[in-house]
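Colleague: Once you've had a glance at the structure underneath, I'll fire off some questions.
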Amino acid sequence: MTNHRVIIDTDPGLDDAVAILFALNSGRFDVLGLTTVAGNIGIDITTRNAGRLLGLLGRQDIPVICGAAAPLARPGIDEAAIHGNDGLGGVVLPEPLAKPHGYAPFWMAEQLRASHAGSVDILALGPLTNIALLLRDHGDAARRIGRLIVMGGVVDDKGNVGPHSEFNFASDPEAVDAVLGSGLDVTLVPLDVTRKVRASVEFVQALRGGVAGNAAADLIAAYFQNGRESRPLHDPCVMLLALAPELFEVETRKVSVDLSEGVDAGALLAGSVSVKIAMSVDAAGALNLLAEGLVA
Ligand code: RIB
Ligand code: CA
């Protein structure tokens with residue numbers, strides 16, 4: 001079975017954490033490093049949480065590299081109401097095993113230059129600030145990225161920030177614009193799809209048993225709010241598409257991004273840039289694959 005060589009760019013965050021546990025525990029990814037970005041919560045906490053997840057699984061072989069503390073040109077959006085002030089909904093994880101390295105865009109460029117062109121995919125789970133900085137400051141290295149698979153945006157569904165804007169894209173619209181215009185092999189996984197991959201209470205209970213499964217169950221349980229029946233697993237969908245693209249139907253759409261100061265900043269608009277967008281998913285198949293990787 002091929003192992004995918006990946007860099008995971010992330011703002012953990014409860015669903016990021018489940019996605020990272022899946023990638024590490026499944027044994028199907030060769031994770032070169034976790035690069036962190038401010039998003040769901042501030043950079044110090046997202047970076048600490050990335051280290052805590054690696055500490056939980058004893059993965060001191062994988063580095064955490066600290067990235068952008070703020071979007072390119074706007075203030076960030078606070079999501080503590082969903083992810084908690086610790087970014088993990090109060091779920092207690094061990095302390096990081098090692099100090100984080102710095103600085104994510106530079107480190108990404110080093111990894112890409114040291115690898116065969118196209119052999120490293122980037123799985124982007126938060127605002128795209130680090131990727132935009134990599135493109136701006138290390139364009140030669142950025143062009144060596146294989147697939148760039150991004151949780152972000154919303155096409156036909158309603159937004160989760162503005163009426164038509166999604167959190168990762170609304171957090172840093174300028175970064176989205178840079179990525180869309182980069183010519184890279186980009187696939188977006190929008191809310192239209194991620195909201196269909198929903199964890200139920202039964203799904204959570206079935207995860208329990210091993211270290212990763214127990215932690216994922218605790219994290220998803222913390223993600224349940226006000227007695228809701230299920231929660232969307234946004235970020236794990238990026239790993240699932242990387243691993244099993246046949247579970248998704250991907251279309252090519254021509255888009256641009258709303259760069260206004262209005263309520264829908266970061267929204268995807270009709271435009272001139274062709275980009276691949278996952279528009280439907282075999283949700284049952286996706287959840288089965290996710291559970292397999294978490295309880296392995
Ligand atoms: O809109 C969902 C996205 O915003 C996910 O990546 C979640 O972690 C938050 O960052
Ligand atoms: Ca995220």
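Residues are named by chain letter and number: chains run A, B, ... in the order of the structure tokens, numbers start at 1 in each chain, and ligands are numbered from 1 in the order shown.
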Please extract the residues at most 10 Å from ligand 1, counting only C-alpha atoms and all ligand atoms, and provide them as JSON, numbers by chain, using the chain letters and residue numbers of this document.
Modeller: {"A": [10, 11, 12, 13, 14, 15, 16, 17, 18, 19, 37, 38, 39, 40, 41, 77, 79, 82, 83, 87, 124, 125, 126, 127, 150, 151, 152, 153, 154, 159, 160, 161, 165, 166, 167, 168, 169, 170, 171, 190, 191, 194, 195, 232, 233, 234, 235, 236, 237, 238]}
Colleague: With N, CA and C atoms retained, write the just-selected residues as a tab-separated table (two decimals), in the first residue's frame.
Modeller:
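Result saved to selection.tsv:
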chain	number	residue	atom	x	y	z
A	10	THR	N	-2.12	23.17	9.72
A	10	THR	CA	-3.28	22.96	10.58
A	10	THR	C	-3.43	24.01	11.68
A	11	ASP	N	-4.69	24.17	12.15
A	11	ASP	CA	-4.99	25.08	13.27
A	11	ASP	C	-5.80	24.35	14.35
A	12	PRO	N	-5.20	23.28	14.93
A	12	PRO	CA	-5.98	22.43	15.86
A	12	PRO	C	-6.41	23.19	17.13
A	13	GLY	N	-7.68	23.04	17.30
A	13	GLY	CA	-8.91	22.73	16.61
A	13	GLY	C	-9.30	21.24	16.71
A	14	LEU	N	-10.57	21.07	17.10
A	14	LEU	CA	-11.09	19.73	17.37
A	14	LEU	C	-11.09	18.86	16.13
A	15	ASP	N	-11.62	19.36	15.00
A	15	ASP	CA	-11.70	18.49	13.83
A	15	ASP	C	-10.33	18.30	13.19
A	16	ASP	N	-9.47	19.32	13.30
A	16	ASP	CA	-8.07	19.15	12.88
A	16	ASP	C	-7.44	17.99	13.66
A	17	ALA	N	-7.70	17.97	14.95
A	17	ALA	CA	-7.08	16.97	15.82
A	17	ALA	C	-7.51	15.56	15.41
A	18	VAL	N	-8.77	15.39	15.10
A	18	VAL	CA	-9.25	14.07	14.64
A	18	VAL	C	-8.59	13.71	13.31
A	19	ALA	N	-8.46	14.68	12.44
A	19	ALA	CA	-7.82	14.44	11.13
A	19	ALA	C	-6.35	14.02	11.31
A	37	VAL	N	-0.77	27.15	12.05
A	37	VAL	CA	-1.21	28.48	11.63
A	37	VAL	C	-2.26	28.95	12.62
A	38	ALA	N	-2.35	30.24	12.83
A	38	ALA	CA	-3.43	30.79	13.67
A	38	ALA	C	-4.74	30.62	12.92
A	39	GLY	N	-5.77	30.27	13.66
A	39	GLY	CA	-7.06	30.09	12.99
A	39	GLY	C	-8.16	29.93	14.02
A	40	ASN	N	-8.49	28.66	14.30
A	40	ASN	CA	-9.51	28.38	15.33
A	40	ASN	C	-9.17	29.08	16.64
A	41	ILE	N	-7.87	29.13	16.91
A	41	ILE	CA	-7.38	29.73	18.15
A	41	ILE	C	-5.99	30.32	17.83
A	77	ILE	N	-10.39	35.54	12.96
A	77	ILE	CA	-11.75	35.35	13.50
A	77	ILE	C	-11.66	34.39	14.68
A	79	GLU	N	-12.72	31.54	17.13
A	79	GLU	CA	-13.63	30.39	17.10
A	79	GLU	C	-13.65	29.65	18.44
A	82	ILE	N	-16.48	27.38	19.60
A	82	ILE	CA	-16.65	25.99	19.12
A	82	ILE	C	-15.55	25.09	19.66
A	83	HIS	N	-14.32	25.59	19.64
A	83	HIS	CA	-13.17	24.72	19.96
A	83	HIS	C	-12.67	24.91	21.40
A	87	GLY	N	-8.59	25.18	22.50
A	87	GLY	CA	-8.62	24.68	21.13
A	87	GLY	C	-8.99	23.21	21.02
A	124	ALA	N	-4.14	20.94	3.80
A	124	ALA	CA	-4.36	22.24	4.46
A	124	ALA	C	-5.70	22.23	5.18
A	125	LEU	N	-5.62	22.37	6.50
A	125	LEU	CA	-6.81	22.23	7.36
A	125	LEU	C	-7.23	23.55	8.00
A	126	GLY	N	-6.52	24.61	7.75
A	126	GLY	CA	-6.84	25.91	8.39
A	126	GLY	C	-6.76	27.03	7.38
A	127	PRO	N	-6.71	28.28	7.85
A	127	PRO	CA	-6.48	29.40	6.94
A	127	PRO	C	-5.21	29.16	6.12
A	150	VAL	N	-7.34	21.13	0.21
A	150	VAL	CA	-7.69	22.22	1.13
A	150	VAL	C	-9.11	22.05	1.66
A	151	MET	N	-9.25	22.02	2.99
A	151	MET	CA	-10.61	22.13	3.55
A	151	MET	C	-10.92	23.62	3.53
A	152	GLY	N	-11.96	24.01	2.76
A	152	GLY	CA	-12.29	25.43	2.74
A	152	GLY	C	-13.33	25.76	1.70
A	153	GLY	N	-14.01	26.87	1.95
A	153	GLY	CA	-14.99	27.39	1.02
A	153	GLY	C	-16.34	26.71	1.16
A	154	VAL	N	-17.31	27.27	0.46
A	154	VAL	CA	-18.65	26.70	0.37
A	154	VAL	C	-19.23	27.16	-0.95
A	159	GLY	N	-22.94	29.53	4.41
A	159	GLY	CA	-21.63	29.70	5.03
A	159	GLY	C	-21.69	29.44	6.53
A	160	ASN	N	-20.50	29.41	7.15
A	160	ASN	CA	-20.46	29.31	8.63
A	160	ASN	C	-19.80	30.54	9.24
A	161	VAL	N	-19.54	31.54	8.41
A	161	VAL	CA	-19.11	32.86	8.92
A	161	VAL	C	-20.09	33.90	8.36
A	165	SER	N	-19.76	32.52	3.16
A	165	SER	CA	-18.31	32.36	3.40
A	165	SER	C	-18.04	31.32	4.50
A	166	GLU	N	-16.95	30.64	4.33
A	166	GLU	CA	-16.55	29.54	5.24
A	166	GLU	C	-15.37	30.03	6.08
A	167	PHE	N	-15.17	29.50	7.27
A	167	PHE	CA	-14.22	30.04	8.23
A	167	PHE	C	-12.79	30.14	7.69
A	168	ASN	N	-12.22	29.04	7.15
A	168	ASN	CA	-10.81	29.08	6.72
A	168	ASN	C	-10.59	30.13	5.64
A	169	PHE	N	-11.56	30.24	4.74
A	169	PHE	CA	-11.41	31.23	3.66
A	169	PHE	C	-11.74	32.63	4.14
A	170	ALA	N	-12.72	32.76	5.04
A	170	ALA	CA	-13.07	34.10	5.57
A	170	ALA	C	-11.94	34.64	6.45
A	171	SER	N	-11.18	33.74	7.06
A	171	SER	CA	-10.08	34.17	7.94
A	171	SER	C	-8.98	34.87	7.15
A	190	PRO	N	-15.15	21.63	0.28
A	190	PRO	CA	-15.97	22.68	0.89
A	190	PRO	C	-16.99	22.17	1.90
A	191	LEU	N	-17.66	23.07	2.54
A	191	LEU	CA	-18.69	22.69	3.52
A	191	LEU	C	-19.79	21.84	2.88
A	194	THR	N	-18.24	18.49	3.47
A	194	THR	CA	-17.84	18.11	4.85
A	194	THR	C	-19.03	18.03	5.80
A	195	ARG	N	-20.06	18.79	5.51
A	195	ARG	CA	-21.24	18.73	6.38
A	195	ARG	C	-22.00	17.40	6.22
A	232	PRO	N	-20.33	17.72	12.04
A	232	PRO	CA	-19.61	17.55	10.77
A	232	PRO	C	-18.11	17.43	11.00
A	233	LEU	N	-17.51	16.47	10.34
A	233	LEU	CA	-16.05	16.26	10.48
A	233	LEU	C	-15.36	16.89	9.27
A	234	HIS	N	-15.19	18.23	9.35
A	234	HIS	CA	-14.67	18.97	8.21
A	234	HIS	C	-13.26	18.52	7.80
A	235	ASP	N	-12.29	18.68	8.67
A	235	ASP	CA	-10.89	18.48	8.28
A	235	ASP	C	-10.52	17.04	7.95
A	236	PRO	N	-11.09	16.03	8.65
A	236	PRO	CA	-10.75	14.65	8.25
A	236	PRO	C	-11.07	14.35	6.78
A	237	CYS	N	-12.00	15.09	6.19
A	237	CYS	CA	-12.35	14.86	4.78
A	237	CYS	C	-11.16	15.10	3.86
A	238	VAL	N	-10.24	15.96	4.27
A	238	VAL	CA	-9.04	16.20	3.44
A	238	VAL	C	-8.19	14.94	3.37
Colleague: Skipping near chain neighbours, those fewer than 5 positions away, what residues fall within 12 Å of Lys276 of chain A using only C-alpha atoms, listed as a JSON list (two decimals) with N, CA, C and O atoms, in the first residue's frame?
Modeller:
[["chain", "number", "residue", "atom", "x", "y", "z"],
["A", 147, "ARG", "N", -0.05, 17.42, -4.71],
["A", 147, "ARG", "CA", -1.43, 17.90, -4.59],
["A", 147, "ARG", "C", -1.51, 18.84, -3.38],
["A", 147, "ARG", "O", -0.87, 18.61, -2.37],
["A", 148, "LEU", "N", -2.32, 19.90, -3.53],
["A", 148, "LEU", "CA", -2.66, 20.77, -2.40],
["A", 148, "LEU", "C", -4.15, 20.55, -2.15],
["A", 148, "LEU", "O", -4.98, 20.98, -2.97],
["A", 149, "ILE", "N", -4.47, 19.82, -1.10],
["A", 149, "ILE", "CA", -5.88, 19.49, -0.79],
["A", 149, "ILE", "C", -6.29, 20.35, 0.40],
["A", 149, "ILE", "O", -5.64, 20.33, 1.45],
["A", 150, "VAL", "N", -7.34, 21.13, 0.21],
["A", 150, "VAL", "CA", -7.69, 22.22, 1.13],
["A", 150, "VAL", "C", -9.11, 22.05, 1.66],
["A", 150, "VAL", "O", -10.07, 21.95, 0.85],
["A", 180, "LEU", "N", -5.44, 30.29, -5.19],
["A", 180, "LEU", "CA", -6.24, 30.03, -6.40],
["A", 180, "LEU", "C", -5.48, 30.46, -7.65],
["A", 180, "LEU", "O", -5.58, 29.83, -8.70],
["A", 183, "GLY", "N", -1.64, 28.32, -9.86],
["A", 183, "GLY", "CA", -1.38, 27.31, -10.88],
["A", 183, "GLY", "C", -1.06, 25.94, -10.29],
["A", 183, "GLY", "O", -0.78, 24.99, -11.02],
["A", 184, "LEU", "N", -1.12, 25.84, -8.95],
["A", 184, "LEU", "CA", -0.85, 24.54, -8.31],
["A", 184, "LEU", "C", -2.03, 23.59, -8.52],
["A", 184, "LEU", "O", -3.13, 24.01, -8.88],
["A", 185, "ASP", "N", -1.79, 22.29, -8.27],
["A", 185, "ASP", "CA", -2.84, 21.27, -8.37],
["A", 185, "ASP", "C", -3.67, 21.33, -7.08],
["A", 185, "ASP", "O", -3.36, 20.65, -6.10],
["A", 186, "VAL", "N", -4.70, 22.18, -7.07],
["A", 186, "VAL", "CA", -5.48, 22.45, -5.86],
["A", 186, "VAL", "C", -6.83, 21.74, -5.94],
["A", 186, "VAL", "O", -7.50, 21.77, -6.98],
["A", 187, "THR", "N", -7.19, 21.06, -4.87],
["A", 187, "THR", "CA", -8.55, 20.50, -4.74],
["A", 187, "THR", "C", -9.17, 21.04, -3.46],
["A", 187, "THR", "O", -8.58, 20.90, -2.37],
["A", 188, "LEU", "N", -10.32, 21.68, -3.59],
["A", 188, "LEU", "CA", -11.03, 22.23, -2.43],
["A", 188, "LEU", "C", -12.03, 21.20, -1.93],
["A", 188, "LEU", "O", -12.69, 20.51, -2.71],
["A", 189, "VAL", "N", -12.13, 21.10, -0.60],
["A", 189, "VAL", "CA", -13.14, 20.25, 0.04],
["A", 189, "VAL", "C", -14.03, 21.18, 0.86],
["A", 189, "VAL", "O", -13.69, 21.54, 1.99],
["A", 190, "PRO", "N", -15.15, 21.63, 0.28],
["A", 190, "PRO", "CA", -15.97, 22.68, 0.89],
["A", 190, "PRO", "C", -16.99, 22.17, 1.90],
["A", 190, "PRO", "O", -17.19, 20.94, 2.01],
["A", 248, "PHE", "N", -15.24, 10.47, -3.43],
["A", 248, "PHE", "CA", -15.70, 11.85, -3.68],
["A", 248, "PHE", "C", -15.96, 12.04, -5.17],
["A", 248, "PHE", "O", -15.29, 11.41, -6.00],
["A", 249, "GLU", "N", -16.90, 12.91, -5.47],
["A", 249, "GLU", "CA", -17.06, 13.36, -6.86],
["A", 249, "GLU", "C", -16.52, 14.77, -6.95],
["A", 249, "GLU", "O", -16.98, 15.67, -6.23],
["A", 250, "VAL", "N", -15.54, 14.96, -7.81],
["A", 250, "VAL", "CA", -14.83, 16.25, -7.92],
["A", 250, "VAL", "C", -15.17, 16.89, -9.26],
["A", 250, "VAL", "O", -15.10, 16.24, -10.29],
["A", 251, "GLU", "N", -15.56, 18.15, -9.18],
["A", 251, "GLU", "CA", -15.86, 18.90, -10.41],
["A", 251, "GLU", "C", -14.81, 20.00, -10.58],
["A", 251, "GLU", "O", -14.15, 20.37, -9.63],
["A", 252, "THR", "N", -14.69, 20.51, -11.80],
["A", 252, "THR", "CA", -13.85, 21.69, -12.03],
["A", 252, "THR", "C", -14.76, 22.89, -12.21],
["A", 252, "THR", "O", -15.70, 22.85, -13.02],
["A", 253, "ARG", "N", -14.52, 23.90, -11.40],
["A", 253, "ARG", "CA", -15.36, 25.11, -11.47],
["A", 253, "ARG", "C", -14.44, 26.32, -11.70],
["A", 253, "ARG", "O", -13.27, 26.29, -11.30],
["A", 254, "LYS", "N", -14.96, 27.37, -12.28],
["A", 254, "LYS", "CA", -14.21, 28.62, -12.47],
["A", 254, "LYS", "C", -14.62, 29.59, -11.37],
["A", 254, "LYS", "O", -15.80, 29.96, -11.28],
["A", 255, "VAL", "N", -13.67, 29.97, -10.53],
["A", 255, "VAL", "CA", -14.01, 30.74, -9.33],
["A", 255, "VAL", "C", -13.09, 31.94, -9.14],
["A", 255, "VAL", "O", -12.05, 32.08, -9.80]]
Colleague: Give the answer as one residue: which of A:Asn130, A:Asn25, A:Asp218, A:Ala73 has the shortest atom-to-atom distance to Ser260 of chain A, using only C-alpha atoms?
Modeller: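 When distances to Ser260 of chain A are compared using only C-alpha atoms, the smallest one comes from A:Ala73.
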Colleague: Which residues are close to Arg228 of chain A, i.e. within 12 Å by only C-alpha atoms, leaving aside same-chain residues fewer than 6 positions away? Reply as a PDB file with N, CA and C atoms, in the first residue's frame.
Modeller:
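Final output, saved to around_2.pdb:
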ATOM      1  N   ARG A 198     -20.802  13.179   8.941  1.00  0.00           N
ATOM      2  CA  ARG A 198     -21.206  13.587  10.287  1.00  0.00           C
ATOM      3  C   ARG A 198     -21.006  12.455  11.288  1.00  0.00           C
ATOM      4  N   ALA A 199     -20.403  12.781  12.407  1.00  0.00           N
ATOM      5  CA  ALA A 199     -20.174  11.803  13.472  1.00  0.00           C
ATOM      6  C   ALA A 199     -21.395  11.785  14.383  1.00  0.00           C
ATOM      7  N   SER A 200     -21.967  10.616  14.535  1.00  0.00           N
ATOM      8  CA  SER A 200     -23.089  10.437  15.475  1.00  0.00           C
ATOM      9  C   SER A 200     -22.534   9.956  16.815  1.00  0.00           C
ATOM     10  N   VAL A 201     -23.394   9.912  17.814  1.00  0.00           N
ATOM     11  CA  VAL A 201     -22.984   9.389  19.126  1.00  0.00           C
ATOM     12  C   VAL A 201     -22.552   7.928  18.974  1.00  0.00           C
ATOM     13  N   ILE A 220     -14.364  14.382  19.583  1.00  0.00           N
ATOM     14  CA  ILE A 220     -15.636  14.555  18.886  1.00  0.00           C
ATOM     15  C   ILE A 220     -16.760  14.784  19.903  1.00  0.00           C
ATOM     16  N   ALA A 221     -16.676  14.064  21.036  1.00  0.00           N
ATOM     17  CA  ALA A 221     -17.692  14.270  22.081  1.00  0.00           C
ATOM     18  C   ALA A 221     -17.646  15.716  22.583  1.00  0.00           C
ATOM     19  N   ALA A 222     -16.429  16.275  22.668  1.00  0.00           N
ATOM     20  CA  ALA A 222     -16.303  17.682  23.083  1.00  0.00           C
ATOM     21  C   ALA A 222     -16.844  18.612  22.007  1.00  0.00           C
TER      22      ALA A 222
END
Colleague: Just want the 9 Å neighbourhood of Glu246 of chain A, counted on only C-alpha atoms, with same-chain residues fewer than 3 positions away dropped. Output as a PyMOL selection string.
Modeller: chain A and resi 241+243+249+281-282
Colleague: For the residues in that selection, give me C-alpha atoms as a PDB file, in the first residue's frame.
Modeller:
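The file below, out-v9.pdb, is the result:
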ATOM      1  CA  LEU A 241      -9.869  12.451  -0.182  1.00  0.00           C
ATOM      2  CA  LEU A 243      -6.378   8.429   0.589  1.00  0.00           C
ATOM      3  CA  GLU A 249     -17.062  13.356  -6.862  1.00  0.00           C
ATOM      4  CA  VAL A 281     -19.171  12.225  -1.091  1.00  0.00           C
ATOM      5  CA  ASP A 282     -20.021   8.646  -0.172  1.00  0.00           C
TER       6      ASP A 282
END
Colleague: Neighbouring residues of segment 58-68 of chain A were defined as those with any atom within 10 Å, considering only C-alpha atoms; residues of the same chain fewer than 5 positions away were excluded. Please report them as number ranges by chain.
Modeller: A: 8-11, 24, 30-39, 42-44, 46-53, 94, 96-108, 127-131, 133
Colleague: So how far away is atom CA of Phe29 of chain A from atom CA of Pro71 of chain A, in Å?
Modeller: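 Computing it gives 28.2 Å between the two atoms.
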Colleague: Go through A:Ala216, A:Ala296, A:Leu290, A:Val197 one by one, measure the shortest atom-to-atom distance of each to Gly27 of chain A using only C-alpha atoms, and give the residue with the smallest value.
Modeller: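 Smallest separation from Gly27 of chain A among the options: A:Ala296.
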Colleague: Please determine, counting only C-alpha atoms and all ligand atoms, which residue among A:Val295, A:Leu72, A:Leu268, A:Leu123 has the shortest atom-to-atom distance to ligand 2.
Modeller: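 Nearest to ligand 2: A:Leu123.
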Colleague: What is the atom CA of Asn85 of chain A-atom CA of Ala69 of chain A distance in Å, reported with one decimal?
Modeller: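 Interatomic distance, atom CA of Asn85 of chain A to atom CA of Ala69 of chain A: 16.3 Å.
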Colleague: Can you list, as number ranges by chain, all residues belonging to segment 46-191 of chain A that DSSP tags as alpha helix (DSSP H)?
Modeller: A: 46-56, 80-83, 104-113, 129-137, 139-142, 167-171, 173-180, 191
Colleague: Calculated over only C-alpha atoms, which of the candidates A:Gly266, A:Glu229, A:Leu247, A:Gly285 has the smallest distance to Gly162 of chain A?
Modeller: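 Closest to Gly162 of chain A of all the choices is A:Gly266.
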